[in-house]
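Here is my_file.cif, consisting of mmCIF, C-alpha atoms:
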```cif
data_query
#
loop_
_atom_site.label_atom_id
_atom_site.label_comp_id
_atom_site.auth_asym_id
_atom_site.auth_seq_id
_atom_site.Cartn_x
_atom_site.Cartn_y
_atom_site.Cartn_z
CA MET P 1 116.02 144.66 63.24
CA LYS P 2 118.27 143.43 66.01
CA ALA P 3 120.57 146.44 65.70
CA GLU P 4 117.52 148.67 65.85
CA ARG P 5 116.51 147.12 69.17
CA LEU P 6 120.02 147.73 70.45
CA HIS P 7 119.60 151.44 69.58
CA GLU P 8 116.22 151.52 71.33
CA LEU P 9 117.60 149.98 74.49
CA ALA P 10 120.64 152.27 74.58
CA ASP P 11 118.42 155.30 74.00
CA ALA P 12 116.19 154.31 76.89
CA TYR P 13 118.55 152.82 79.47
CA GLY P 14 121.95 154.27 78.56
CA ALA P 15 125.26 152.51 78.08
CA ASP P 16 125.49 150.57 81.35
CA LEU P 17 124.07 147.13 80.70
CA ARG P 18 123.28 146.72 84.41
CA ARG P 19 120.44 149.19 83.86
CA TRP P 20 119.06 147.23 80.93
CA PRO P 21 116.22 144.71 81.21
CA ALA P 22 117.82 141.54 82.54
CA SER P 23 116.26 139.53 79.73
CA GLU P 24 118.01 141.57 77.01
CA ARG P 25 121.54 141.94 78.37
CA ALA P 26 122.78 138.68 76.88
CA PHE P 27 121.19 139.62 73.54
CA ALA P 28 123.08 142.94 73.51
CA GLU P 29 126.38 141.34 74.47
CA SER P 30 126.11 138.69 71.78
CA LEU P 31 125.14 141.28 69.17
CA ILE P 32 128.14 143.49 69.97
CA ALA P 33 130.45 140.48 70.08
CA ALA P 34 129.29 139.53 66.59
CA ASP P 35 129.60 143.06 65.24
CA PRO P 36 132.03 145.22 67.30
CA SER P 37 131.09 148.34 65.31
CA LEU P 38 127.81 148.32 67.24
CA LYS P 39 129.73 149.25 70.38
CA SER P 40 129.53 152.82 69.11
CA VAL P 41 125.83 152.71 70.04
CA LEU P 42 126.81 152.26 73.68
CA ASP P 43 129.54 154.91 73.39
CA GLU P 44 126.96 157.47 72.27
CA ALA P 45 124.73 156.66 75.22
CA ALA P 46 127.71 156.79 77.59
CA THR P 47 128.18 160.50 76.82
CA LEU P 48 124.82 161.38 78.33
CA ASP P 49 125.34 158.91 81.20
CA ALA P 50 128.55 160.73 82.12
CA LEU P 51 126.75 164.07 82.16
CA LEU P 52 123.92 162.68 84.31
CA ASN P 53 126.46 161.24 86.72
CA ALA P 54 128.06 164.66 87.08
CA ALA P 55 124.98 165.91 88.94
CA PRO P 56 125.84 165.18 92.56
CA ALA P 57 123.34 163.56 94.89
CA PRO P 58 122.44 165.63 97.95
CA VAL P 59 123.86 164.47 101.27
CA PRO P 60 121.44 164.43 104.23
CA SER P 61 122.36 167.08 106.78
CA ALA P 62 123.20 166.08 110.35
CA ALA P 63 120.08 167.95 111.48
CA LEU P 64 117.80 165.97 109.15
CA THR P 65 119.38 162.68 110.21
CA ALA P 66 118.93 163.61 113.88
CA ARG P 67 115.28 164.61 113.34
CA VAL P 68 114.54 161.30 111.64
CA LEU P 69 116.34 159.20 114.26
CA ALA P 70 114.66 161.07 117.12
CA VAL P 71 111.32 159.54 116.20
CA ALA P 72 112.53 156.03 115.35
CA PRO P 73 110.67 153.18 117.10
CA LYS P 74 111.92 152.59 120.64
CA ARG P 75 111.72 149.52 122.79
CA LYS P 76 108.60 149.96 124.93
CA ALA P 77 109.35 151.09 128.50
CA ARG P 78 106.93 149.74 131.15
CA SER P 79 104.33 152.25 132.31
CA ARG P 80 103.94 153.01 136.02
CA LEU P 81 100.78 150.87 136.16
CA GLY P 82 102.54 148.12 134.22
CA ARG P 83 105.44 148.22 136.68
CA ALA P 84 103.04 148.05 139.67
CA VAL P 85 101.24 145.05 138.15
CA TRP P 86 104.61 143.43 137.45
CA TYR P 87 105.83 143.94 141.07
CA LEU P 88 102.51 142.65 142.44
CA GLY P 89 102.78 139.55 140.29
CA ALA P 90 106.38 139.03 141.28
CA GLY P 91 105.41 139.37 144.97
CA TRP P 92 102.70 136.76 144.66
CA ALA P 93 105.08 134.44 142.84
CA ALA P 94 107.72 134.86 145.57
CA ALA P 95 105.13 134.23 148.30
CA ALA P 96 103.95 131.10 146.50
CA CYS P 97 107.53 129.82 146.21
CA ALA P 98 108.16 130.50 149.89
CA GLY P 99 104.96 128.63 150.75
CA VAL P 100 106.02 125.62 148.73
CA VAL P 101 109.47 125.56 150.37
CA ALA P 102 108.00 125.91 153.85
CA GLY P 103 105.39 123.25 153.11
CA VAL P 104 107.95 120.76 151.87
CA GLY P 105 110.18 121.41 154.92
CA LEU P 106 107.33 121.06 157.36
CA THR P 107 106.02 117.92 155.70
CA THR P 108 109.45 116.31 155.84
CA HIS P 109 109.77 117.17 159.52
CA LEU P 110 106.32 115.88 160.43
CA THR P 111 106.76 112.73 158.40
CA ALA P 112 110.01 112.02 160.22
CA ASP P 113 108.28 112.45 163.63
CA ALA P 114 105.40 110.22 162.58
CA ARG P 115 107.79 107.61 161.29
CA ALA P 116 109.72 107.67 164.62
CA ASP P 117 106.46 107.28 166.58
CA ALA P 118 105.50 104.34 164.41
CA VAL P 119 108.83 102.64 165.02
CA LEU P 120 108.55 103.16 168.77
CA TYR P 121 105.00 101.86 168.72
CA GLN P 122 106.05 98.78 166.77
CA SER P 123 108.87 98.23 169.23
CA SER P 124 106.54 98.50 172.20
CA LEU P 125 104.14 96.01 170.62
CA THR P 126 106.97 93.60 170.03
CA GLY P 127 108.09 94.11 173.66
CA VAL P 128 104.63 93.15 175.03
CA ASP P 129 104.55 90.06 172.90
CA ASP P 130 107.99 88.96 174.16
CA THR P 131 106.96 89.41 177.78
CA GLU P 132 103.87 87.40 177.23
CA VAL P 133 105.83 84.66 175.49
CA LEU P 134 108.66 84.57 177.98
CA GLY P 135 106.40 84.93 180.96
CA MET O 1 104.42 133.01 92.88
CA VAL O 2 108.10 133.96 92.98
CA ALA O 3 109.38 134.70 96.47
CA ILE O 4 110.72 138.23 96.79
CA VAL O 5 114.23 138.45 98.17
CA ASP O 6 114.46 141.59 100.25
CA PRO O 7 117.94 142.60 101.47
CA ASP O 8 116.32 144.90 104.05
CA GLU O 9 114.01 142.31 105.59
CA ASP O 10 116.02 141.52 108.73
CA LEU O 11 116.89 145.18 109.28
CA VAL O 12 113.24 146.26 109.08
CA ARG O 13 112.24 143.53 111.54
CA ARG O 14 114.82 144.77 114.03
CA VAL O 15 113.71 148.37 113.52
CA GLY O 16 110.16 147.25 114.27
CA GLN O 17 111.38 145.74 117.54
CA GLY O 18 112.85 149.10 118.56
CA ASP O 19 116.53 148.29 117.97
CA PRO O 20 118.31 151.69 117.85
CA ALA O 21 121.35 150.33 115.94
CA ALA O 22 119.05 148.95 113.25
CA ALA O 23 117.29 152.32 112.98
CA GLN O 24 120.65 154.03 112.46
CA THR O 25 121.63 151.53 109.77
CA LEU O 26 118.31 151.95 107.98
CA VAL O 27 118.68 155.74 108.04
CA ALA O 28 122.23 155.49 106.66
CA ARG O 29 121.01 153.16 103.93
CA LYS O 30 117.74 154.83 102.91
CA LEU O 31 117.75 158.50 103.83
CA PRO O 32 120.33 159.53 101.17
CA ARG O 33 118.44 157.55 98.53
CA ILE O 34 115.08 159.03 99.38
CA LEU O 35 116.48 162.54 99.73
CA ALA O 36 118.10 162.23 96.28
CA LEU O 37 114.85 160.95 94.80
CA ALA O 38 112.87 163.85 96.25
CA GLN O 39 115.49 166.44 95.34
CA ARG O 40 115.55 165.32 91.71
CA MET O 41 111.78 165.00 91.49
CA LEU O 42 111.07 168.38 93.07
CA GLY O 43 114.22 170.36 92.31
CA ASP O 44 113.96 172.04 95.70
CA ALA O 45 116.26 171.22 98.61
CA ALA O 46 113.92 172.31 101.42
CA GLU O 47 110.92 170.45 100.00
CA ALA O 48 113.08 167.39 99.39
CA GLU O 49 114.12 167.37 103.07
CA ASP O 50 110.47 167.56 104.14
CA VAL O 51 109.53 164.68 101.84
CA ALA O 52 112.48 162.54 102.98
CA GLN O 53 111.64 163.15 106.64
CA GLU O 54 107.97 162.34 106.13
CA ALA O 55 108.77 159.19 104.16
CA MET O 56 111.10 157.98 106.91
CA LEU O 57 108.40 158.69 109.52
CA LYS O 58 106.05 156.45 107.56
CA ALA O 59 108.82 153.83 107.44
CA TRP O 60 109.06 153.90 111.26
CA ARG O 61 105.30 153.40 111.53
CA GLN O 62 105.35 150.60 108.99
CA ALA O 63 108.33 148.67 110.38
CA PRO O 64 106.56 146.95 113.32
CA LYS O 65 103.80 145.65 111.04
CA TRP O 66 105.93 145.00 107.93
CA ALA O 67 104.94 141.72 106.26
CA PRO O 68 107.93 140.36 104.34
CA GLY O 69 107.46 138.56 101.04
CA LYS O 70 104.92 140.88 99.45
CA ALA O 71 107.28 143.62 98.23
CA ARG O 72 110.78 144.87 98.82
CA PHE O 73 110.94 147.49 101.55
CA ASP O 74 113.01 149.76 99.30
CA THR O 75 110.31 149.68 96.61
CA TRP O 76 107.62 150.41 99.19
CA LEU O 77 109.63 153.37 100.50
CA HIS O 78 110.04 154.70 96.95
CA ARG O 79 106.28 154.43 96.49
CA VAL O 80 105.71 156.46 99.66
CA ALA O 81 108.25 159.12 98.71
CA LEU O 82 106.93 159.36 95.14
CA ASN O 83 103.38 159.87 96.41
CA LEU O 84 104.60 162.68 98.64
CA CYS O 85 106.39 164.21 95.64
CA TYR O 86 103.26 163.88 93.47
CA ASP O 87 101.24 165.70 96.16
CA ARG O 88 103.68 168.60 96.13
CA LEU O 89 103.91 168.73 92.34
CA ARG O 90 100.10 168.72 92.14
CA ARG O 91 99.87 171.54 94.69
CA ARG O 92 102.35 173.57 92.66
CA ARG O 93 100.15 173.20 89.60
CA GLU O 94 96.98 174.07 91.55
CA ILE O 95 98.43 177.17 93.20
CA PRO O 96 99.64 179.51 90.49
CA THR O 97 102.27 181.86 91.79
CA ASP O 98 103.14 185.34 90.60
CA THR O 99 106.74 184.30 90.27
CA PRO O 100 107.02 181.12 88.23
CA PRO O 101 109.48 178.49 89.40
CA ASP O 102 113.02 178.94 88.26
CA ARG O 103 113.16 177.15 84.94
CA ARG O 104 115.44 179.37 82.98
CA ASP O 105 117.64 177.72 80.44
CA GLU O 106 121.19 178.80 80.89
CA GLY O 107 121.83 177.80 77.30
CA PRO O 108 125.04 176.94 75.62
CA ALA O 109 128.16 178.33 77.20
CA PRO O 110 131.08 176.76 75.39
CA ASP O 111 133.58 179.26 76.75
CA ARG O 112 132.57 178.71 80.35
CA GLY O 113 134.52 175.54 80.85
CA LEU O 114 133.13 172.28 82.08
CA LEU O 115 133.84 172.41 85.75
CA ALA O 116 132.26 169.51 87.52
CA ALA O 117 130.06 171.66 89.75
CA GLU O 118 128.92 173.70 86.81
CA THR O 119 128.09 170.56 84.87
CA GLY O 120 126.05 169.33 87.79
CA VAL O 121 124.09 172.57 87.93
CA ARG O 122 123.40 172.44 84.19
CA VAL O 123 122.29 168.81 84.36
CA ASP O 124 120.03 169.50 87.35
CA ALA O 125 118.47 172.45 85.51
CA ALA O 126 117.91 170.36 82.39
CA LEU O 127 116.33 167.58 84.47
CA LYS O 128 114.07 170.11 86.14
CA ARG O 129 112.80 171.31 82.77
CA LEU O 130 111.72 167.83 81.67
CA PRO O 131 108.05 166.89 81.85
CA ASP O 132 107.36 165.28 85.24
CA ARG O 133 106.84 161.73 83.96
CA GLN O 134 110.00 161.75 81.82
CA ARG O 135 112.01 163.09 84.74
CA GLU O 136 110.50 160.47 87.04
CA ALA O 137 111.43 157.65 84.65
CA ILE O 138 115.04 158.85 84.39
CA VAL O 139 115.35 159.41 88.13
CA LEU O 140 114.03 155.93 88.96
CA CYS O 141 116.04 154.03 86.32
CA HIS O 142 119.27 156.01 86.11
CA TYR O 143 119.78 157.56 89.54
CA GLN O 144 117.84 155.21 91.83
CA GLU O 145 118.95 152.21 89.74
CA LEU O 146 115.62 150.43 90.01
CA SER O 147 114.95 147.69 87.46
CA ASN O 148 112.66 148.54 84.56
CA ILE O 149 109.99 146.28 86.05
CA GLU O 150 110.17 147.99 89.46
CA ALA O 151 110.15 151.47 87.90
CA ALA O 152 107.22 150.65 85.63
CA ALA O 153 105.28 149.19 88.55
CA LEU O 154 105.94 152.27 90.68
CA MET O 155 104.79 154.53 87.87
CA GLU O 156 101.83 152.24 87.18
CA ILE O 157 102.67 151.96 83.48
CA SER O 158 103.85 149.20 81.16
CA VAL O 159 107.54 148.54 80.56
CA GLU O 160 107.03 149.71 76.96
CA ALA O 161 105.59 153.02 78.15
CA LEU O 162 108.51 153.38 80.56
CA GLU O 163 110.97 152.85 77.72
CA SER O 164 109.20 155.48 75.67
CA LEU O 165 109.39 158.00 78.54
CA LEU O 166 113.07 157.20 79.09
CA SER O 167 113.91 157.62 75.41
CA ARG O 168 112.08 160.93 75.12
CA GLY O 169 113.58 162.19 78.36
CA ARG O 170 117.12 161.28 77.38
CA ARG O 171 116.63 162.79 73.92
CA ALA O 172 115.50 166.09 75.48
CA LEU O 173 118.48 166.03 77.85
CA ARG O 174 120.89 165.38 75.00
CA GLN O 175 119.50 168.41 73.18
CA ALA O 176 119.60 170.62 76.26
CA LEU O 177 123.17 169.59 77.09
CA SER O 178 124.49 169.20 73.55
CA ASP O 179 127.06 171.96 74.03
CA MET O 180 128.54 170.06 76.95
CA ALA O 181 129.22 166.80 75.16
CA PRO O 182 132.92 166.15 74.89
CA ALA O 183 134.55 167.06 71.57
CA GLY O 184 134.40 164.18 69.12
CA SER O 185 131.31 162.74 70.73
CA PRO O 186 129.06 161.27 68.03
CA ARG O 187 126.09 163.35 69.12
CA ALA O 188 127.87 166.50 70.26
CA GLY O 189 126.15 169.60 69.02
CA ARG O 190 123.49 167.89 66.95
CA GLY O 191 120.92 167.10 69.60
CA ASP O 192 119.04 163.99 68.78
CA GLY O 193 120.52 161.92 66.04
CA ARG O 194 117.58 159.63 65.43
#
```
For the file at hand, write its structure as structure tokens.
Amino acid sequence: MKAERLHELADAYGADLRRWPASERAFAESLIAADPSLKSVLDEAATLDALLNAAPAPVPSAALTARVLAVAPKRKARSRLGRAVWYLGAGWAAAACAGVVAGVGLTTHLTADARADAVLYQSSLTGVDDTEVLG
Amino acid sequence: MVAIVDPDEDLVRRVGQGDPAAAQTLVARKLPRILALAQRMLGDAAEAEDVAQEAMLKAWRQAPKWAPGKARFDTWLHRVALNLCYDRLRRRREIPTDTPPDRRDEGPAPDRGLLAAETGVRVDAALKRLPDRQREAIVLCHYQELSNIEAAALMEISVEALESLLSRGRRALRQALSDMAPAGSPRAGRGDGR
């Protein structure tokens, strides 16, 4: 019964055990190891395998390869409208950045002036008080 | 559910992103396989080129939306190519031609010598003469080296039915090529032994 299954598998899949169902490879190997005469089953199948392997596979022509590659997916290039929208957005972003920089600079400047005025004012107040105290 | 390990997964993702190097690699990896499949299924070089080109076009369209984990990309591509082959085989049957397709049997030619090219021609002719389903089973399992489970799934049959097709196909090939078996071969000259 087991030898019969070996014949069935060799008849269907040939002599190369890599083509056999994964679940039955170990079974075949153990069967042949136990009875080496069964190797002749694989030898018979190998004859047809060799003939099948003699039929060469076609090689794709350069023209076919080029035709296929010519229509392969490409990274999307931005459309004219897309580019315009992108430039507009970039312009607004640049203007906003410039505004922030200018605002920060101006604020710093004004704050410094205000702080100087406050110091002078404080000084003048102190001066009045001293005069009053000293007479 | 068992996760499917797909050796092409990363490549297909990059193809979908428009990576030209990935596209070249995928073509180098798949185009010869698909062309061989179509050539052996149809037995016609020009039709095989058309099928291979169309299958690869579908691959380009599929790549950006490919969802890994459901199936191997190679199996999917075989499915696509096989469907294209079926369409052409069906059309051939529906449109009878005055000149039938070349199916002549060159027959035994023991004195001709077994040059490799000649052997290839004989084997191709014998394959072409097989019933479509037997040829398909042998092409998928022997030449495309798909597992029996993958081949059976592609052909939408059970593994047992696949084995039956393979056995009958190989038996017919042995008979057709019996004169070419090397001397001393157990089955040389007697066709099917069992």
(request) Check the smallest atom-to-atom distance from each of O:Leu57, O:Gly18, O:Asp179, O:Val12 to Thr119 (chain O) using only C-alpha atoms, then report the winner. (result)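 Smallest separation from Thr119 (chain O) among the options: O:Asp179.
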Residues of chain P that approach chain O to 6 Å or less, counting all atoms listed in the file: could you list each one with the shortest pair of atoms and its distance in Å to one decimal, rows by chain and increasing residue number, as a tab-separated table?
```
residue	atom	partner	partner_atom	distance
P:Asp11	CA	O:Ser167	CA	5.3
P:Ala12	CA	O:Ser167	CA	4.3
P:Ala54	CA	O:Gly120	CA	5.1
P:Ala55	CA	O:Gly120	CA	3.8
P:Ala57	CA	O:Ala36	CA	5.6
P:Pro58	CA	O:Ala36	CA	5.8
P:Pro60	CA	O:Pro32	CA	5.9
P:Ala72	CA	O:Trp60	CA	5.8
P:Pro73	CA	O:Gly18	CA	4.9
P:Lys74	CA	O:Gly18	CA	4.2
P:Arg75	CA	O:Gly18	CA	4.4
```
Could you take the residues named above and write them with C-alpha atoms, as a compact mmCIF listing (two decimals), in the frame of the given file?
```txt
# COMPACT_ATOMS: atom_id res chain seq x y z
CA ASP P 11 118.42 155.30 74.00
CA ALA P 12 116.19 154.31 76.89
CA ALA P 54 128.06 164.66 87.08
CA ALA P 55 124.98 165.91 88.94
CA ALA P 57 123.34 163.56 94.89
CA PRO P 58 122.44 165.63 97.95
CA PRO P 60 121.44 164.43 104.23
CA ALA P 72 112.53 156.03 115.35
CA PRO P 73 110.67 153.18 117.10
CA LYS P 74 111.92 152.59 120.64
CA ARG P 75 111.72 149.52 122.79
```
Starting from the PyMOL selection byres ((chain P and resi 3) around 10), expand the selection into actual residues of this file and give them as a JSON list (two decimals) with C-alpha atoms, keeping the file's coordinate frame.
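Below is the file selection-v1.json, written as the result:
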```
[["chain", "number", "residue", "atom", "x", "y", "z"],
["P", 1, "MET", "CA", 116.02, 144.66, 63.24],
["P", 2, "LYS", "CA", 118.27, 143.43, 66.01],
["P", 4, "GLU", "CA", 117.52, 148.67, 65.85],
["P", 5, "ARG", "CA", 116.51, 147.12, 69.17],
["P", 6, "LEU", "CA", 120.02, 147.73, 70.45],
["P", 7, "HIS", "CA", 119.60, 151.44, 69.58],
["P", 8, "GLU", "CA", 116.22, 151.52, 71.33],
["P", 9, "LEU", "CA", 117.60, 149.98, 74.49],
["P", 28, "ALA", "CA", 123.08, 142.94, 73.51],
["P", 31, "LEU", "CA", 125.14, 141.28, 69.17],
["P", 32, "ILE", "CA", 128.14, 143.49, 69.97],
["P", 35, "ASP", "CA", 129.60, 143.06, 65.24],
["P", 38, "LEU", "CA", 127.81, 148.32, 67.24],
["P", 41, "VAL", "CA", 125.83, 152.71, 70.04]]
```
(message) To one decimal place in Å, what is the distance between CA of Leu69 (chain P) and CA of Thr75 (chain O)?
(response)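 Answer for the CA of Leu69 (chain P) to CA of Thr75 (chain O) separation: 20.9 Å.
You can rank O:Ala176, O:Val80, O:Gln62, O:Tyr86 by their closest distance to Lys128 (chain O) using only C-alpha atoms, and at the top of that list sits O:Ala176.
Here the question is which of P:Val71, P:Leu48, P:Arg25, P:Pro56 gets nearest to Ala172 (chain O) using only C-alpha atoms, and that residue is P:Leu48.
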(message) Just the number, please: distance in Å from CA of Arg88 (chain O) to CA of Arg133 (chain O), one decimal.
(response) 14.3 Å
(request) State, in Å with one decimal place, the distance from CA of Glu29 (chain P) to CA of Asn53 (chain P). (result)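 Between these atoms lies a distance of 23.4 Å.
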(message) With distances taken over only C-alpha atoms, which residue among P:Leu52, P:Ala62, P:Ala10, P:Ala45 lies nearest Glu24 (chain P)?
(response) P:Ala10
(message) Can you spell out as a list of chain:residue names the set of residues that the PyMOL selection byres ((chain O and resi 155) around 10) selects in the structure I just provided?
(response)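 Output of the PyMOL selection byres ((chain O and resi 155) around 10): O:Arg79, O:Leu82, O:Arg133, O:Glu136, O:Ala137, O:Leu140, O:Ile149, O:Glu150, O:Ala151, O:Ala152, O:Ala153, O:Leu154, O:Glu156, O:Ile157, O:Ser158, O:Val159, O:Ala161, O:Leu162.
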